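Trainee: My structure is in structure-v9.tsv, and what it holds is TSV, C-alpha atoms and all ligand atoms:
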```tsv
chain	number	residue	atom	x	y	z
A	831	MET	CA	137.42	132.37	185.24
A	832	GLN	CA	133.90	133.49	186.06
A	833	LYS	CA	130.69	132.32	184.39
A	834	LEU	CA	128.61	135.47	183.77
A	835	GLU	CA	125.23	136.00	182.09
A	836	MET	CA	123.76	133.60	179.55
A	837	LEU	CA	124.18	134.77	175.96
A	838	TYR	CA	122.31	132.03	174.16
A	839	GLU	CA	120.35	128.87	174.88
A	840	GLY	CA	120.31	126.20	172.18
A	841	LYS	CA	118.65	122.79	172.05
A	842	ALA	CA	121.50	120.96	173.80
A	843	LYS	CA	123.73	123.69	175.26
A	844	LYS	CA	123.75	127.06	176.97
A	845	VAL	CA	126.46	129.62	176.23
A	846	TYR	CA	127.57	132.18	178.81
A	847	ARG	CA	129.78	135.23	178.76
A	848	THR	CA	132.87	135.12	181.00
A	849	ASP	CA	135.11	137.76	182.56
A	850	ASN	CA	137.54	137.05	179.70
A	851	PRO	CA	136.23	138.57	176.43
A	852	GLU	CA	138.22	135.95	174.48
A	853	CYS	CA	136.26	133.06	176.01
A	854	PHE	CA	132.74	131.69	176.35
A	855	TRP	CA	131.49	129.16	178.88
A	856	VAL	CA	129.40	126.28	177.50
A	857	GLU	CA	127.04	124.17	179.60
A	858	PHE	CA	125.86	120.86	178.11
A	859	LYS	CA	122.20	120.01	178.86
A	860	ASP	CA	120.49	116.63	179.16
A	861	ASN	CA	117.76	117.75	176.74
A	862	ALA	CA	117.56	115.88	173.45
A	863	THR	CA	115.75	116.99	170.33
A	864	ALA	CA	115.42	115.51	166.87
A	865	PHE	CA	113.77	116.37	163.56
A	866	ASN	CA	114.45	120.08	163.93
A	867	GLY	CA	113.00	120.19	167.45
A	868	ALA	CA	109.77	118.29	166.61
A	869	LYS	CA	110.76	115.42	168.94
A	870	ARG	CA	111.85	116.34	172.44
A	871	GLY	CA	113.08	114.38	175.44
A	872	THR	CA	115.78	113.98	178.03
A	873	ILE	CA	118.71	111.58	178.09
A	874	ASP	CA	119.97	111.18	181.66
A	875	HIS	CA	123.60	112.26	182.07
A	876	LYS	CA	123.86	113.26	178.40
A	877	GLY	CA	125.23	116.71	179.28
A	878	VAL	CA	128.09	115.28	181.31
A	879	LEU	CA	128.82	112.53	178.80
A	880	ASN	CA	128.81	114.82	175.75
A	881	ASN	CA	130.91	117.41	177.54
A	882	ARG	CA	133.57	114.81	178.31
A	883	ILE	CA	133.33	113.03	174.95
A	884	SER	CA	133.64	116.34	173.07
A	885	ALA	CA	136.65	117.35	175.17
A	886	TYR	CA	138.20	113.95	174.40
A	887	PHE	CA	137.78	114.45	170.63
A	888	PHE	CA	138.91	118.09	170.66
A	889	ARG	CA	142.08	117.09	172.55
A	890	LEU	CA	142.73	114.24	170.10
A	891	LEU	CA	142.30	116.62	167.15
A	892	ALA	CA	144.59	119.22	168.74
A	893	GLU	CA	147.31	116.56	169.09
A	894	LYS	CA	146.92	115.88	165.36
A	895	GLY	CA	147.11	119.58	164.41
A	896	VAL	CA	143.41	120.49	164.05
A	897	SER	CA	142.51	123.60	166.10
A	898	SER	CA	139.16	123.93	167.82
A	899	HIS	CA	137.51	126.32	170.22
A	900	PHE	CA	138.10	123.96	173.18
A	901	VAL	CA	140.10	125.46	176.06
A	902	SER	CA	139.39	123.40	179.20
A	903	LEU	CA	136.82	121.36	181.08
A	904	LYS	CA	135.04	123.03	183.98
A	905	GLY	CA	133.24	120.70	186.32
A	906	ASP	CA	130.98	117.98	185.03
A	907	ARG	CA	128.93	119.48	182.26
A	908	ASP	CA	130.80	122.66	181.40
A	909	MET	CA	133.72	123.66	179.21
A	910	VAL	CA	135.47	126.93	178.47
A	911	VAL	CA	135.89	127.65	174.76
A	912	LYS	CA	137.34	130.41	172.62
A	913	ALA	CA	134.65	132.94	171.70
A	914	LEU	CA	133.60	132.24	168.12
A	915	LYS	CA	131.48	134.02	165.58
A	916	ILE	CA	129.72	130.92	164.26
A	917	ILE	CA	129.53	130.34	160.51
A	918	MET	CA	125.91	129.46	159.81
A	919	LEU	CA	126.69	126.14	158.15
A	920	GLU	CA	126.64	122.52	159.29
A	921	VAL	CA	129.40	120.53	157.63
A	922	VAL	CA	128.56	116.83	157.36
A	923	VAL	CA	131.03	114.10	156.39
A	924	ARG	CA	129.75	110.63	155.49
A	925	ASN	CA	131.55	107.33	155.06
A	926	ILE	CA	128.51	105.03	154.99
A	927	ALA	CA	125.01	105.91	153.80
A	928	ALA	CA	122.53	106.56	156.62
A	929	GLY	CA	119.85	109.05	157.64
A	930	SER	CA	119.01	111.78	155.16
A	931	LEU	CA	121.60	110.67	152.59
A	932	ALA	CA	120.17	107.15	152.40
A	933	LYS	CA	116.78	108.77	151.67
A	934	ARG	CA	118.07	111.41	149.24
A	935	ILE	CA	120.10	109.17	146.94
A	936	GLY	CA	118.28	105.89	147.56
A	937	PHE	CA	121.22	103.89	148.94
A	938	PRO	CA	120.17	101.38	151.63
A	939	GLU	CA	121.39	102.38	155.09
A	940	GLY	CA	124.79	100.76	155.65
A	941	THR	CA	126.06	101.09	152.06
A	942	LEU	CA	129.80	101.88	152.04
A	943	LEU	CA	130.43	105.05	150.01
A	944	GLU	CA	133.22	104.88	147.44
A	945	LYS	CA	134.74	108.04	148.93
A	946	PRO	CA	133.80	110.28	151.86
A	947	VAL	CA	130.98	112.67	150.96
A	948	VAL	CA	131.10	116.23	152.33
A	949	GLU	CA	127.87	118.24	152.53
A	950	PHE	CA	126.98	121.74	153.69
A	951	TYR	CA	123.65	122.59	155.32
A	952	TYR	CA	122.42	126.13	155.97
A	953	LYS	CA	121.79	126.50	159.74
A	954	ASN	CA	118.31	127.97	159.57
A	955	ASP	CA	115.51	126.38	161.62
A	956	ALA	CA	112.75	128.24	159.74
A	957	LEU	CA	113.99	126.66	156.48
A	958	ASN	CA	114.65	123.25	158.12
A	959	ASP	CA	118.45	123.44	157.61
A	960	PRO	CA	118.48	122.91	153.81
A	961	LEU	CA	121.34	121.30	151.90
A	962	VAL	CA	123.26	124.04	150.08
A	963	ASN	CA	126.02	124.06	147.45
A	964	ASP	CA	129.01	126.40	146.97
A	965	ASP	CA	126.99	128.86	144.90
A	966	HIS	CA	124.20	129.04	147.47
A	967	ILE	CA	126.78	129.64	150.18
A	968	LYS	CA	128.27	132.48	148.15
A	969	VAL	CA	125.02	134.26	147.35
A	970	LEU	CA	123.90	133.84	150.97
A	971	LYS	CA	127.32	135.27	151.99
A	972	LEU	CA	127.71	132.50	154.58
A	973	ALA	CA	131.44	131.98	153.94
A	974	THR	CA	134.17	133.12	151.58
A	975	THR	CA	135.68	130.83	148.93
A	976	GLU	CA	138.79	130.43	151.11
A	977	GLN	CA	136.78	129.61	154.24
A	978	LEU	CA	134.72	127.09	152.30
A	979	ALA	CA	137.84	125.38	150.97
A	980	GLN	CA	139.34	125.32	154.46
A	981	MET	CA	136.19	123.86	156.03
A	982	HIS	CA	136.05	121.18	153.34
A	983	GLN	CA	139.69	120.24	153.81
A	984	THR	CA	139.51	120.29	157.62
A	985	ALA	CA	136.34	118.20	157.61
A	986	LEU	CA	138.11	115.48	155.59
A	987	GLN	CA	141.15	115.69	157.87
A	988	VAL	CA	138.93	115.29	160.95
A	989	ASN	CA	137.30	112.32	159.22
A	990	ARG	CA	140.66	110.59	158.66
A	991	ILE	CA	141.74	111.17	162.27
A	992	LEU	CA	138.46	110.00	163.78
A	993	LEU	CA	138.08	106.98	161.47
A	994	GLU	CA	141.51	105.70	162.41
A	995	HIS	CA	141.13	106.40	166.11
A	996	LEU	CA	137.66	104.89	166.37
A	997	ALA	CA	138.65	101.78	164.43
A	998	GLY	CA	141.01	101.05	167.34
A	999	LYS	CA	138.00	101.24	169.67
A	1000	GLU	CA	135.91	98.83	167.56
A	1001	ILE	CA	133.66	101.67	166.39
A	1002	ASP	CA	132.65	102.44	162.79
A	1003	LEU	CA	132.25	106.15	162.07
A	1004	ILE	CA	129.26	106.35	159.74
A	1005	ASP	CA	128.90	110.14	159.52
A	1006	PHE	CA	129.21	113.28	161.62
A	1007	LYS	CA	128.48	116.99	161.67
A	1008	LEU	CA	130.94	119.80	162.36
A	1009	GLU	CA	130.50	123.51	162.90
A	1010	PHE	CA	133.10	126.20	162.42
A	1011	GLY	CA	133.52	129.76	163.62
A	1012	LEU	CA	135.91	132.67	163.51
A	1013	HIS	CA	138.08	133.72	166.45
A	1014	ASN	CA	140.13	136.87	165.73
A	1015	GLY	CA	139.76	136.06	162.04
A	1016	LYS	CA	140.99	132.46	162.43
A	1017	LEU	CA	138.73	129.57	161.40
A	1018	LEU	CA	138.30	127.10	164.27
A	1019	LEU	CA	136.21	124.00	164.85
A	1020	GLY	CA	133.35	124.79	167.23
A	1021	ASP	CA	130.24	123.22	168.77
A	1022	GLU	CA	130.65	119.60	169.94
A	1023	ILE	CA	131.67	116.16	168.71
A	1024	SER	CA	129.55	113.58	170.47
A	1025	PRO	CA	126.97	110.81	169.95
A	1026	ASP	CA	124.49	113.67	169.37
A	1027	THR	CA	126.39	114.79	166.27
A	1028	CYS	CA	127.98	111.56	164.98
A	1029	ARG	CA	126.73	108.15	163.96
A	1030	PHE	CA	128.75	105.41	165.67
A	1031	TRP	CA	128.12	101.72	164.99
A	1032	ASP	CA	129.72	98.82	166.81
A	1033	LYS	CA	132.25	97.38	164.38
A	1034	LYS	CA	131.31	93.75	165.02
A	1035	THR	CA	127.55	93.81	165.59
A	1036	GLY	CA	126.54	97.03	163.79
A	1037	GLU	CA	124.67	98.12	166.92
A	1038	LYS	CA	123.90	101.85	166.91
A	1039	LEU	CA	125.69	103.75	169.69
A	1040	ASP	CA	124.40	107.29	169.05
A	1041	LYS	CA	121.41	109.59	168.94
A	1042	ASP	CA	119.61	107.43	166.36
A	1043	ARG	CA	118.55	105.34	169.40
A	1044	PHE	CA	116.62	108.42	170.58
A	1045	ARG	CA	115.42	109.50	167.10
A	1046	ARG	CA	114.08	106.01	166.36
A	1047	ASP	CA	112.85	105.09	169.88
A	1048	MET	CA	115.24	102.14	170.08
A	1049	GLY	CA	115.76	102.28	173.86
A	1050	ASN	CA	119.05	102.09	175.82
A	1051	VAL	CA	120.00	105.60	174.71
A	1052	GLU	CA	121.96	106.56	177.84
A	1053	GLU	CA	123.70	103.15	177.78
A	1054	ALA	CA	124.90	103.80	174.22
A	1055	TYR	CA	126.41	107.17	175.18
A	1056	ARG	CA	128.04	105.56	178.23
A	1057	GLU	CA	129.43	102.79	176.01
A	1058	ILE	CA	131.07	105.34	173.70
A	1059	TYR	CA	132.59	107.09	176.73
A	1060	ARG	CA	133.85	103.76	178.09
A	1061	ARG	CA	135.40	102.67	174.79
A	1062	LEU	CA	137.14	106.00	174.32
A	1063	THR	CA	138.50	106.47	177.82
A	1064	GLY	CA	138.61	102.91	179.14
A	1065	LYS	CA	136.68	104.17	182.19
A	1066	ASN	CA	133.11	103.95	183.36
A	1067	PHE	CA	131.49	107.34	183.47
A	1068	GLU	CA	131.01	107.42	187.27
A	1069	GLU	CA	134.73	107.00	187.98
B	1	LIG	N1	123.50	115.98	162.43
B	1	LIG	C1	123.61	116.86	163.51
B	1	LIG	N2	122.74	117.91	163.61
B	1	LIG	C2	121.77	118.14	162.68
B	1	LIG	C3	121.66	117.25	161.59
B	1	LIG	C4	122.54	116.18	161.50
B	1	LIG	O1	124.48	116.70	164.35
B	1	LIG	O2	121.03	119.13	162.83
B	1	LIG	C5	124.43	114.85	162.31
B	1	LIG	C6	123.75	113.52	162.54
B	1	LIG	O3	123.86	113.11	163.88
B	1	LIG	C7	124.52	112.60	161.63
B	1	LIG	C8	124.98	113.48	160.49
B	1	LIG	O4	124.92	114.82	160.99
B	1	LIG	O5	125.66	112.09	162.30
B	1	LIG	C9	124.15	113.37	159.25
B	1	LIG	O6	122.79	113.54	159.57
B	1	LIG	P1	121.64	113.37	158.48
B	1	LIG	O7	121.81	114.42	157.42
B	1	LIG	O8	121.60	111.97	158.01
B	1	LIG	O9	120.33	113.82	159.19
B	1	LIG	P2	119.39	113.07	160.24
B	1	LIG	O10	119.14	111.69	159.72
B	1	LIG	O11	120.17	113.11	161.51
B	1	LIG	O12	118.19	113.95	160.26
```
Rewrite the coordinates I just gave you, this time as structure tokens.
Mentor:
Amino acid sequence: MQKLEMLYEGKAKKVYRTDNPECFWVEFKDNATAFNGAKRGTIDHKGVLNNRISAYFFRLLAEKGVSSHFVSLKGDRDMVVKALKIIMLEVVVRNIAAGSLAKRIGFPEGTLLEKPVVEFYYKNDALNDPLVNDDHIKVLKLATTEQLAQMHQTALQVNRILLEHLAGKEIDLIDFKLEFGLHNGKLLLGDEISPDTCRFWDKKTGEKLDKDRFRRDMGNVEEAYREIYRRLTGKNFEE
């Protein structure tokens, strides 16, 4: 398959057309941003790590019956995916209060939630990605009732699969963000699943192993991403 012209450049990835109209080519960058692009930096090797970590999670989910856009890895920082028309929503699932939820409802960070909380955010940089409810989604025509129900159900299914899998790797899954898109009318998981889009805490020590280390200037950011890769695959990233 051939990588052709770039269609889109986002904060962490570039998307290219390919010679197959059914597929896009995604290149993961080392650039890191936070707070809707207000904070910018680079995390060495992040592109390669997130490419491989995302492929790992998409393969795990496929084994468990959850379809995503992932097709195959290409080289170090690239993957081929099914061409999606992205639904302009971020779907967040939370098990433990952190980040914006801790602020919004006043729970101290680290509070176990009685049940997983699913939230939808409107992907719109100019509006700062606001939290939206079912009615907002309908009047904005972002998704149909059926698509919304399917995203909600799939998000909880992904949560169950990841929680169980990560527990075996001594990692607590605090929260994560998913994106969905349509491929020939079928709803598929898109984007990435990585320490950029999930909060991972070490089960024993509570140490943060995700992008919060970058957001909060905690240091050892690359090491945290490498540690997630190592725990998942049992290999060091250079191997
Ligand atoms: N998240 C993301 N992209 C965003 C916003 C959030 O991947 O644009 C992820 C984030 O990494 C975390 C979860 O979604 O795992 C919940 O994030 P939160 O709403 O707490 O916002 P944040 O504190 O990251 O601003």
Trainee: Put the listed atoms of ligand LIG 1 (chain B) in a box along x, y and z with 5 Å added on every side and give me the centre and edge lengths in Å to one decimal, as JSON.
Mentor:
```
{"center_x": 121.9, "center_y": 115.4, "center_z": 160.9, "size_x": 17.5, "size_y": 17.4, "size_z": 16.9}
```
Trainee: Out of A:Leu1039, A:Leu1062, A:Ala928, A:Leu1012, which residue has the shortest atom-to-atom distance to ligand LIG 1 (chain B) when counting all atoms listed in the file?
Mentor: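 Ranking A:Leu1039, A:Leu1062, A:Ala928, A:Leu1012 by distance to ligand LIG 1 (chain B), first place goes to A:Ala928.
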Trainee: Please, which residues in chain A fall within 9 Å of ligand LIG 1 (chain B) when counting all atoms listed in the file, and what is the closest atom pair and distance in Å to one decimal for each, ordered by chain then residue number, as a Markdown table?
Mentor:
```
| residue | atom | partner | partner_atom | distance |
| --- | --- | --- | --- | --- |
| A:Ala864 | CA | B:LIG1 | O12 | 7.3 |
| A:Phe865 | CA | B:LIG1 | O12 | 6.0 |
| A:Asn866 | CA | B:LIG1 | O2 | 6.7 |
| A:Glu920 | CA | B:LIG1 | C2 | 7.4 |
| A:Val921 | CA | B:LIG1 | O4 | 8.0 |
| A:Val922 | CA | B:LIG1 | O4 | 5.5 |
| A:Val923 | CA | B:LIG1 | C8 | 7.3 |
| A:Arg924 | CA | B:LIG1 | C9 | 7.3 |
| A:Ala927 | CA | B:LIG1 | O8 | 8.1 |
| A:Ala928 | CA | B:LIG1 | O8 | 5.7 |
| A:Gly929 | CA | B:LIG1 | O8 | 3.4 |
| A:Ser930 | CA | B:LIG1 | O8 | 3.9 |
| A:Leu931 | CA | B:LIG1 | O8 | 5.6 |
| A:Ala932 | CA | B:LIG1 | O8 | 7.5 |
| A:Lys933 | CA | B:LIG1 | O8 | 8.6 |
| A:Glu949 | CA | B:LIG1 | O7 | 8.7 |
| A:Tyr951 | CA | B:LIG1 | C3 | 8.5 |
| A:Lys953 | CA | B:LIG1 | O2 | 8.0 |
| A:Asn958 | CA | B:LIG1 | O2 | 8.9 |
| A:Asp959 | CA | B:LIG1 | O2 | 7.2 |
| A:Leu961 | CA | B:LIG1 | O7 | 8.8 |
| A:Leu1003 | CA | B:LIG1 | O5 | 8.9 |
| A:Ile1004 | CA | B:LIG1 | O5 | 7.2 |
| A:Asp1005 | CA | B:LIG1 | O5 | 4.7 |
| A:Phe1006 | CA | B:LIG1 | O5 | 3.8 |
| A:Lys1007 | CA | B:LIG1 | O4 | 4.2 |
| A:Leu1008 | CA | B:LIG1 | O1 | 7.4 |
| A:Glu1022 | CA | B:LIG1 | O1 | 8.8 |
| A:Ile1023 | CA | B:LIG1 | O1 | 8.4 |
| A:Ser1024 | CA | B:LIG1 | O1 | 8.5 |
| A:Pro1025 | CA | B:LIG1 | O3 | 7.2 |
| A:Asp1026 | CA | B:LIG1 | O3 | 5.6 |
| A:Thr1027 | CA | B:LIG1 | O1 | 3.3 |
| A:Cys1028 | CA | B:LIG1 | O5 | 3.6 |
| A:Arg1029 | CA | B:LIG1 | O5 | 4.4 |
| A:Phe1030 | CA | B:LIG1 | O5 | 8.1 |
| A:Asp1040 | CA | B:LIG1 | O3 | 7.8 |
| A:Lys1041 | CA | B:LIG1 | O3 | 6.6 |
| A:Asp1042 | CA | B:LIG1 | O11 | 7.5 |
| A:Arg1045 | CA | B:LIG1 | O11 | 8.2 |
```
Trainee: For atom CA of A:Glu852 and atom CA of A:Lys894, determine how far apart the two atoms are, in Å to one decimal place.
Mentor: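 Spanning atom CA of A:Glu852 to atom CA of A:Lys894 is a straight-line distance of 23.7 Å.
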Trainee: Work out how far atom CA of A:Lys1033 is from atom CA of A:Ala997, in Å to one decimal.
Mentor: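 Rounded to one decimal, the two atoms are 7.8 Å apart.
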Trainee: Measuring between only C-alpha atoms, which one of A:Ala885, A:Lys843, A:Glu1000, A:Val856 shows the shortest distance to A:Glu1037?
Mentor: A:Glu1000
Trainee: Restricting the calculation to only C-alpha atoms: of A:Phe937, A:Phe900, A:Phe1010, A:Phe858, which residue gets closest to A:Asn880?
Mentor: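 Looking at the shortest contact to A:Asn880, the residue is A:Phe858.
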Trainee: Using all atoms listed in the file, pick whichever of A:Asn925, A:Lys869, A:His966, A:Arg882 has the shortest atom-to-atom distance to A:Asn1066.
Mentor: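 Among A:Asn925, A:Lys869, A:His966, A:Arg882, it is A:Arg882 that comes nearest to A:Asn1066.
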Trainee: With distances taken over only C-alpha atoms, which residue among A:Leu903, A:Met981, A:Met918, A:Ala1054 lies nearest A:Pro960?
Mentor: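 Answer, going by the shortest atom-to-atom distance: A:Met918.
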Trainee: Which residue, A:Phe950, A:Leu879, A:Asp1002, A:Gln983, has the smallest gap to A:Asn963 when you use all atoms listed in the file?
Mentor: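 When distances to A:Asn963 are compared using all atoms listed in the file, the smallest one comes from A:Phe950.
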Trainee: Mind giving me the straight-line distance from atom CA of A:Phe888 to atom CA of A:Leu993 in Å, one decimal?
Mentor: 14.4 Å
Trainee: Tell me, as a PyMOL selection string, which residues lie within 12 Å of A:Asp874, counting only C-alpha atoms; anything in the same chain fewer than 6 positions away does not count.
Mentor: chain A and resi 858-862+880+1044+1050-1056
Trainee: Keeping C-alpha atoms for every residue in the selection just given, could you write it to a file as a PDB file, keeping the file's coordinate frame?
Mentor:
```pdb
ATOM      1  CA  PHE A 858     125.860 120.860 178.110  1.00  0.00           C
ATOM      2  CA  LYS A 859     122.200 120.010 178.860  1.00  0.00           C
ATOM      3  CA  ASP A 860     120.490 116.630 179.160  1.00  0.00           C
ATOM      4  CA  ASN A 861     117.760 117.750 176.740  1.00  0.00           C
ATOM      5  CA  ALA A 862     117.560 115.880 173.450  1.00  0.00           C
ATOM      6  CA  ASN A 880     128.810 114.820 175.750  1.00  0.00           C
ATOM      7  CA  PHE A1044     116.620 108.420 170.580  1.00  0.00           C
ATOM      8  CA  ASN A1050     119.050 102.090 175.820  1.00  0.00           C
ATOM      9  CA  VAL A1051     120.000 105.600 174.710  1.00  0.00           C
ATOM     10  CA  GLU A1052     121.960 106.560 177.840  1.00  0.00           C
ATOM     11  CA  GLU A1053     123.700 103.150 177.780  1.00  0.00           C
ATOM     12  CA  ALA A1054     124.900 103.800 174.220  1.00  0.00           C
ATOM     13  CA  TYR A1055     126.410 107.170 175.180  1.00  0.00           C
ATOM     14  CA  ARG A1056     128.040 105.560 178.230  1.00  0.00           C
TER      15      ARG A1056
END
```
Trainee: Identify, on the basis of all atoms listed in the file, every residue whose closest approach to A:Pro851 does not exceed 12 Å; exclude the query and any residue fewer than 5 positions from it along the same chain; express the result as a VMD selection string.
Mentor: chain A and resid 831 to 834 846 910 to 914 1013 to 1014
